[in-house]
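*Asks:* Structure file protein.txt, compact mmCIF, C-alpha atoms and all ligand atoms, is pasted below:
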# COMPACT_ATOMS: atom_id res chain seq x y z
CA MET A 1 -39.54 66.30 28.72
CA SER A 2 -39.15 62.91 27.02
CA GLY A 3 -39.58 59.84 29.21
CA PHE A 4 -37.10 57.95 27.04
CA THR A 5 -34.13 56.64 29.02
CA LEU A 6 -30.79 54.93 28.50
CA ASP A 7 -32.34 51.91 30.24
CA ALA A 8 -34.97 51.76 27.48
CA LEU A 9 -32.27 52.00 24.80
CA GLU A 10 -30.24 49.28 26.55
CA THR A 11 -33.29 47.00 26.35
CA ILE A 12 -33.87 47.83 22.65
CA ILE A 13 -30.21 47.02 21.92
CA ALA A 14 -30.46 43.70 23.80
CA VAL A 15 -33.59 42.74 21.86
CA ARG A 16 -32.09 43.73 18.49
CA ALA A 17 -28.80 41.99 19.34
CA GLY A 18 -30.67 38.76 19.92
CA SER A 19 -33.01 39.18 16.95
CA GLY A 20 -30.80 37.89 14.14
CA ASP A 21 -32.59 40.42 11.93
CA PRO A 22 -30.37 41.18 8.91
CA GLY A 23 -31.94 44.65 8.86
CA SER A 24 -30.62 45.46 12.31
CA TYR A 25 -27.68 47.88 12.43
CA THR A 26 -27.08 46.83 16.05
CA ARG A 27 -26.84 43.14 15.11
CA LYS A 28 -24.62 43.93 12.14
CA LEU A 29 -22.24 46.01 14.25
CA LEU A 30 -22.04 43.44 17.05
CA ASP A 31 -21.30 40.71 14.50
CA LYS A 32 -18.21 42.67 13.45
CA GLY A 33 -16.75 42.32 16.95
CA MET A 34 -15.52 44.53 19.78
CA ALA A 35 -12.79 46.31 17.80
CA LYS A 36 -15.32 47.63 15.25
CA CYS A 37 -17.86 48.58 17.97
CA ALA A 38 -15.13 50.41 19.90
CA LYS A 39 -13.90 52.16 16.74
CA LYS A 40 -17.39 53.49 16.06
CA LEU A 41 -17.65 54.73 19.66
CA GLY A 42 -14.34 56.56 19.30
CA GLU A 43 -15.37 58.12 15.99
CA GLU A 44 -18.69 59.30 17.37
CA GLY A 45 -16.91 60.74 20.42
CA VAL A 46 -14.60 62.76 18.20
CA GLU A 47 -17.55 63.94 16.07
CA ALA A 48 -19.40 65.07 19.21
CA ALA A 49 -16.31 66.94 20.40
CA LEU A 50 -15.93 68.65 17.02
CA ALA A 51 -19.61 69.64 17.05
CA ALA A 52 -19.14 71.14 20.53
CA VAL A 53 -16.14 73.17 19.43
CA SER A 54 -17.87 74.37 16.27
CA GLY A 55 -20.80 75.67 18.31
CA ASP A 56 -23.29 73.69 16.20
CA ARG A 57 -25.92 72.93 18.84
CA ILE A 58 -28.14 70.73 16.64
CA GLU A 59 -25.17 68.68 15.47
CA LEU A 60 -23.99 68.32 19.09
CA VAL A 61 -27.35 66.86 20.09
CA LYS A 62 -27.25 64.37 17.19
CA GLU A 63 -23.64 63.34 17.79
CA SER A 64 -24.34 62.98 21.50
CA ALA A 65 -27.15 60.54 20.67
CA ASP A 66 -24.72 58.61 18.45
CA VAL A 67 -22.15 58.48 21.29
CA LEU A 68 -24.70 57.16 23.79
CA PHE A 69 -26.02 54.55 21.35
CA HIS A 70 -22.53 53.33 20.45
CA LEU A 71 -21.44 53.32 24.11
CA LEU A 72 -24.38 51.05 24.93
CA VAL A 73 -23.45 48.76 22.01
CA VAL A 74 -19.88 48.51 23.37
CA LEU A 75 -21.20 47.77 26.88
CA ARG A 76 -23.40 45.09 25.34
CA ALA A 77 -20.42 43.59 23.49
CA ALA A 78 -18.46 43.58 26.76
CA GLU A 79 -21.42 42.16 28.69
CA VAL A 80 -21.35 45.10 31.09
CA PRO A 81 -24.85 46.05 32.30
CA LEU A 82 -25.60 49.78 32.32
CA ALA A 83 -26.51 49.33 36.00
CA GLU A 84 -22.81 48.82 36.74
CA VAL A 85 -21.99 52.17 35.16
CA TYR A 86 -24.77 53.82 37.16
CA ALA A 87 -23.32 52.27 40.33
CA GLU A 88 -19.87 53.63 39.50
CA LEU A 89 -21.30 57.10 38.86
CA GLU A 90 -23.31 56.94 42.09
CA SER A 91 -20.22 55.93 44.11
CA ARG A 92 -18.51 59.08 42.86
CA THR A 93 -21.20 61.42 44.17
CA VAL A 94 -19.68 61.35 47.68
CA ARG A 95 -16.74 63.50 46.65
CA THR A 96 -15.80 66.15 44.15
CA GLY A 97 -14.13 65.30 40.86
CA LEU A 98 -10.89 66.93 42.01
CA GLU A 99 -10.90 64.92 45.26
CA GLU A 100 -11.34 61.74 43.20
CA LYS A 101 -8.46 62.75 40.93
CA ALA A 102 -6.16 63.46 43.90
CA SER A 103 -6.91 60.00 45.34
CA ARG A 104 -5.66 58.18 42.21
CA PRO A 105 -2.30 56.39 42.45
CA ALA A 106 0.59 58.36 40.92
CA GLU A 107 1.31 57.37 37.30
N1 LIG B 1 -30.07 54.97 18.41
C1 LIG B 1 -29.71 54.30 17.43
C2 LIG B 1 -28.67 54.75 16.57
N2 LIG B 1 -27.90 55.86 16.59
C3 LIG B 1 -27.08 55.75 15.52
N3 LIG B 1 -27.34 54.64 14.83
C4 LIG B 1 -26.72 54.18 13.60
O1 LIG B 1 -25.32 54.33 13.70
C5 LIG B 1 -24.79 54.48 12.40
C6 LIG B 1 -23.70 55.52 12.49
O2 LIG B 1 -23.58 56.25 11.34
P1 LIG B 1 -22.36 56.08 10.37
O3 LIG B 1 -22.69 56.86 9.15
O4 LIG B 1 -21.10 56.36 11.10
O5 LIG B 1 -22.45 54.52 10.12
P2 LIG B 1 -22.07 53.66 8.92
O6 LIG B 1 -21.29 54.42 7.92
O7 LIG B 1 -23.29 52.95 8.48
O8 LIG B 1 -21.17 52.64 9.72
P3 LIG B 1 -19.89 51.84 9.35
O9 LIG B 1 -19.98 51.46 7.90
O10 LIG B 1 -18.72 52.69 9.73
O11 LIG B 1 -20.02 50.64 10.26
C7 LIG B 1 -25.94 54.83 11.46
O12 LIG B 1 -26.24 53.73 10.61
C8 LIG B 1 -27.09 55.08 12.43
O13 LIG B 1 -28.36 54.69 11.94
C9 LIG B 1 -28.30 53.96 15.46
N4 LIG B 1 -28.88 52.77 15.19
C10 LIG B 1 -29.86 52.34 16.02
N5 LIG B 1 -30.29 53.07 17.13
C11 LIG B 1 -31.36 52.55 18.01
O14 LIG B 1 -31.34 51.14 17.98
C12 LIG B 1 -32.62 50.66 17.57
C13 LIG B 1 -32.45 49.36 16.86
O15 LIG B 1 -31.76 49.59 15.64
P4 LIG B 1 -31.53 48.36 14.65
O16 LIG B 1 -30.64 47.43 15.33
O17 LIG B 1 -30.94 48.94 13.38
O18 LIG B 1 -32.90 47.76 14.40
C14 LIG B 1 -33.22 51.78 16.73
O19 LIG B 1 -34.61 51.69 16.65
C15 LIG B 1 -32.76 52.98 17.54
O20 LIG B 1 -33.59 53.11 18.68
So, in terms of structure tokens, how does the structure I just supplied come out?
Ligand SMILES: N=c1c2ncn([C@@H]3O[C@H](COP(=O)(O)OP(=O)(O)OP(=O)(O)O)[C@@H](O)[C@H]3O)c2ncn1[C@@H]1O[C@H](COP(=O)(O)O)[C@@H](O)[C@H]1O

*Replies:*
Amino acid sequence: MSGFTLDALETIIAVRAGSGDPGSYTRKLLDKGMAKCAKKLGEEGVEAALAAVSGDRIELVKESADVLFHLLVVLRAAEVPLAEVYAELESRTVRTGLEEKASRPAE
């Protein structure tokens, strides 16, 4: 199993974001602003969903990697540390997903 983690990727993104390297895709994307970063995240999410439905396992793995990378870029643009997302996920472990859903205010 790979020891590579989302924490490691978050650090790479932070370093590349601060690098000013014109060859950095991360820097280029962040320079375009939140709307562009969010658009890419949405596109990659749709592509991952389509890969899942098509049953293309290899494509699903690749699109999933794209989703995670672009999610971390959006979090970076929003100045939200990944640790905050981990904390939110951890807080949800005390109940089932359906219990959490039932506790939401009515829309
Ligand atoms: N994990 C990734 C990663 N996943 C996807 N991508 C890029 O995301 C882009 C998505 O593909 P698209 O064809 O949709 O992109 P595009 O057409 O170029 O994009 P737009 O014109 O729509 O903006 C591709 O250019 C991919 O290379 C990534 N770019 C970088 N990383 C990681 O970030 C590190 C730093 O990258 P740089 O900032 O480029 O140095 C890399 O070493 C990797 O570890």

*Asks:* Got a sec: who's within 9 Å of Ala48 (chain A), counting only C-alpha atoms, leaving out chain neighbours fewer than 5 positions off, as a list in words?

*Replies:* Glu43, Val53, Glu59, Leu60, Val61, Lys62, Glu63, Ser64, Asp66 and Val67 of chain A

*Asks:* With only C-alpha atoms as the atoms that count, which of A:Ala87, A:Leu98, A:Leu82, A:Val74 lies nearest to Ala35 (chain A)?

*Replies:*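 The closest residue to Ala35 (chain A) is A:Val74.
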
*Asks:* Grab all the atoms of ligand LIG 1 (chain B) that the file lists, wrap them in a box along x, y and z, add 8 Å per side, and give me centre plus edge lengths in Å (one decimal) as JSON.

*Replies:*
{"center_x": -26.7, "center_y": 52.1, "center_z": 13.3, "size_x": 31.9, "size_y": 25.4, "size_z": 26.8}

*Asks:* Could you list, as a list of chain:residue names, all protein and nucleic acid residues with an atom at most 8 Å from ligand LIG 1 (chain B), counting only C-alpha atoms and all ligand atoms?

*Replies:*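 Counting only C-alpha atoms and all ligand atoms, the residues within 8 Å of ligand LIG 1 (chain B) come out as A:Leu9, A:Ile12, A:Ile13, A:Arg16, A:Ala17, A:Asp21, A:Gly23, A:Ser24, A:Tyr25, A:Thr26, A:Arg27, A:Lys28, A:Leu29, A:Lys36, A:Lys40, A:Glu43, A:Glu44, A:Ala65, A:Asp66, A:Val67, A:Leu68, A:Phe69, A:His70.
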
*Asks:* Using CA of Tyr86 (chain A) and CA of Lys101 (chain A) as the two end points, give the distance in Å to one decimal.

*Replies:*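 So the answer is 19.0 Å.
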
*Asks:* One number please: CA of Ser2 (chain A) to CA of Glu79 (chain A), in Å, one decimal.

*Replies:*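 Separation of CA of Ser2 (chain A) and CA of Glu79 (chain A): 27.3 Å.
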
*Asks:* Work out how far CA of Ala14 (chain A) is from CA of Met34 (chain A), in Å to one decimal.

*Replies:*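 So the two atoms, CA of Met34 (chain A) and CA of Ala14 (chain A), lie 15.5 Å apart.
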
*Asks:* Given the choices A:Val15, A:Met1, A:Ala52, A:Ala38, which gets closest to Leu75 (chain A) if the distance is worked out from all atoms listed in the file?

*Replies:* A:Ala38

*Asks:* I'd like to know which of A:Ala106, A:Val80, A:Leu89, A:Leu72 is closest to Ala8 (chain A), using only C-alpha atoms.

*Replies:* A:Leu72
